[in-house]
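What follows is a short report on a single structure.
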Amino acid sequence: VAGALLVAALTGSASARSLRTLFEARKADLGSGAPNDRLAPDCVEPDEPEYKSEYAGSMGPEKVFCCHTAKQVVADLEARCVKECQDPVACTKSLMKVCEAYKKKYASLEEQACKERPTTTTTTTTTTTTTVTTTTTTTTVTEAITTTTTADPLQWCYDMCRDTAQSENCKDEASCKNFCHRASERFEKEAHA
């Protein structure tokens with residue numbers, strides 16, 4: 001499936017355009033304060049039909065990128081499924097089941113859209129060793145080890161590939177990394193063309 005996504009990305013198909021839109025939004029999301037920063041109050045949803053906020057007659061948009069949009073969809077769903085179902089005209093059992101399923105779906109989308117960015121952490125470890133000899137000489141050695149971990153900017157792509165494009169029986173991390181790097185290079189070329 002990852003190969004099919006790569007072919008789509010390289011041939012410019014509709015699914016590749018959606019992937020490209022998500023890729024560009026995620027790439028810009030790495031820097032706080034960007035116009036399409038998913039955590040910013042002025043975040044704008046991608047211009048794709050799945051992200052449209054006019055969802056009259058349905059429970060919400062198919063996809064959500066911005067945190068504030070996710071929070072609004074959850075609030076709208078709460079009003080529709082809780083407050084309206086407690087008025088004099090009760091909701092049907094089937095609507096209540098649908099509400100429960102959509103509450104879970106949009107709570108998950110809100111959690112994903114509003115999660116904090118990964119941070120870089122520095123860990124310092126100090127080890128002290130004392131050795132005593134028969135001449136009562138004491139030697140102390142102190143060693144400091146500093147490790148810096150930087151989040152891979154394509155980690156979101158690896159995760160999406162693993163979770164979406166591969167089945168439970170076939171998890172191939174190397175293929176996902178290869179796909180994401182190739183797609184990233186292709187999108188970079190198109191962005192500068």
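Residue names in the structure tokens use chain letters A, B, ... in the order shown, residue numbers from 1 in each chain, and ligand numbers from 1 in the order shown.
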### Message
Would you pick out the contacts of A:Lys103 at 9 Å or less, using only C-alpha atoms, so that residues sharing its chain but fewer than 2 positions from it are not included, and give the list as a list in words?
### Response
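Here the answer would be Val74, Leu77, Glu78, Cys81, Val98, Cys99, Glu100, Ala101, Lys105, Tyr106, Ala107 and Ser108 of chain A.
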### Message
Applying 9 Å and only C-alpha atoms, which residues near stretch 169-176 of chain A remain after dropping the ones on its own chain fewer than 5 positions away? List them as a PyMOL selection string.
### Response
chain A and resi 2-3+157-163+181
### Message
My list of candidates is A:Val44, A:Ala183, A:Met59, A:Leu109. Which is closest to A:Leu95 when distances are computed with only C-alpha atoms?
### Response
A:Met59
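Summary of the local environment: counting only C-alpha atoms, residues at most 7 Å from A:Glu110, other than itself and those fewer than 5 positions away along its chain, are A:Cys67, A:Ala70, A:Lys71.
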Generate the output file for the selected residues, all heavy atoms, as a PDB file, in the first residue's frame.
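Listing of selection_25.pdb after writing:
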ATOM      1  N   CYS A  67      -6.638  23.034  15.594  1.00  0.00           N
ATOM      2  CA  CYS A  67      -7.094  22.726  16.952  1.00  0.00           C
ATOM      3  C   CYS A  67      -8.406  23.449  17.258  1.00  0.00           C
ATOM      4  O   CYS A  67      -9.343  22.841  17.764  1.00  0.00           O
ATOM      5  CB  CYS A  67      -6.008  23.108  17.954  1.00  0.00           C
ATOM      6  SG  CYS A  67      -6.480  22.824  19.682  1.00  0.00           S
ATOM      7  N   ALA A  70     -11.314  21.707  15.662  1.00  0.00           N
ATOM      8  CA  ALA A  70     -11.637  20.448  16.356  1.00  0.00           C
ATOM      9  C   ALA A  70     -12.450  20.735  17.610  1.00  0.00           C
ATOM     10  O   ALA A  70     -13.447  20.053  17.881  1.00  0.00           O
ATOM     11  CB  ALA A  70     -10.356  19.690  16.688  1.00  0.00           C
ATOM     12  N   LYS A  71     -12.040  21.749  18.372  1.00  0.00           N
ATOM     13  CA  LYS A  71     -12.772  22.094  19.597  1.00  0.00           C
ATOM     14  C   LYS A  71     -14.198  22.552  19.269  1.00  0.00           C
ATOM     15  O   LYS A  71     -15.145  22.207  19.978  1.00  0.00           O
ATOM     16  CB  LYS A  71     -12.024  23.179  20.367  1.00  0.00           C
ATOM     17  CG  LYS A  71     -10.742  22.670  21.024  1.00  0.00           C
ATOM     18  CD  LYS A  71     -10.059  23.790  21.790  1.00  0.00           C
ATOM     19  CE  LYS A  71      -8.785  23.339  22.418  1.00  0.00           C
ATOM     20  NZ  LYS A  71      -8.966  22.380  23.486  1.00  0.00           N
TER      21      LYS A  71
END
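When atom CA of A:Phe179 is paired with atom CA of A:Ala165, their separation reads 10.8 Å.
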### Task
Could you check how far atom CA of A:Arg38 sits from atom CA of A:Gln166, in Å to one decimal?
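Computed distance, atom CA of A:Arg38 to atom CA of A:Gln166, equals 25.9 Å.
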### Message
Can you pull out every residue from stretch 37-184 of chain A that DSSP, working from the backbone, puts in strand (DSSP E), and format the result as a PyMOL selection string?
### Response
chain A and resi 121-132+138-149
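Atom to atom, atom CA of A:Asn178 and atom CA of A:Lys63 stand 25.9 Å apart.
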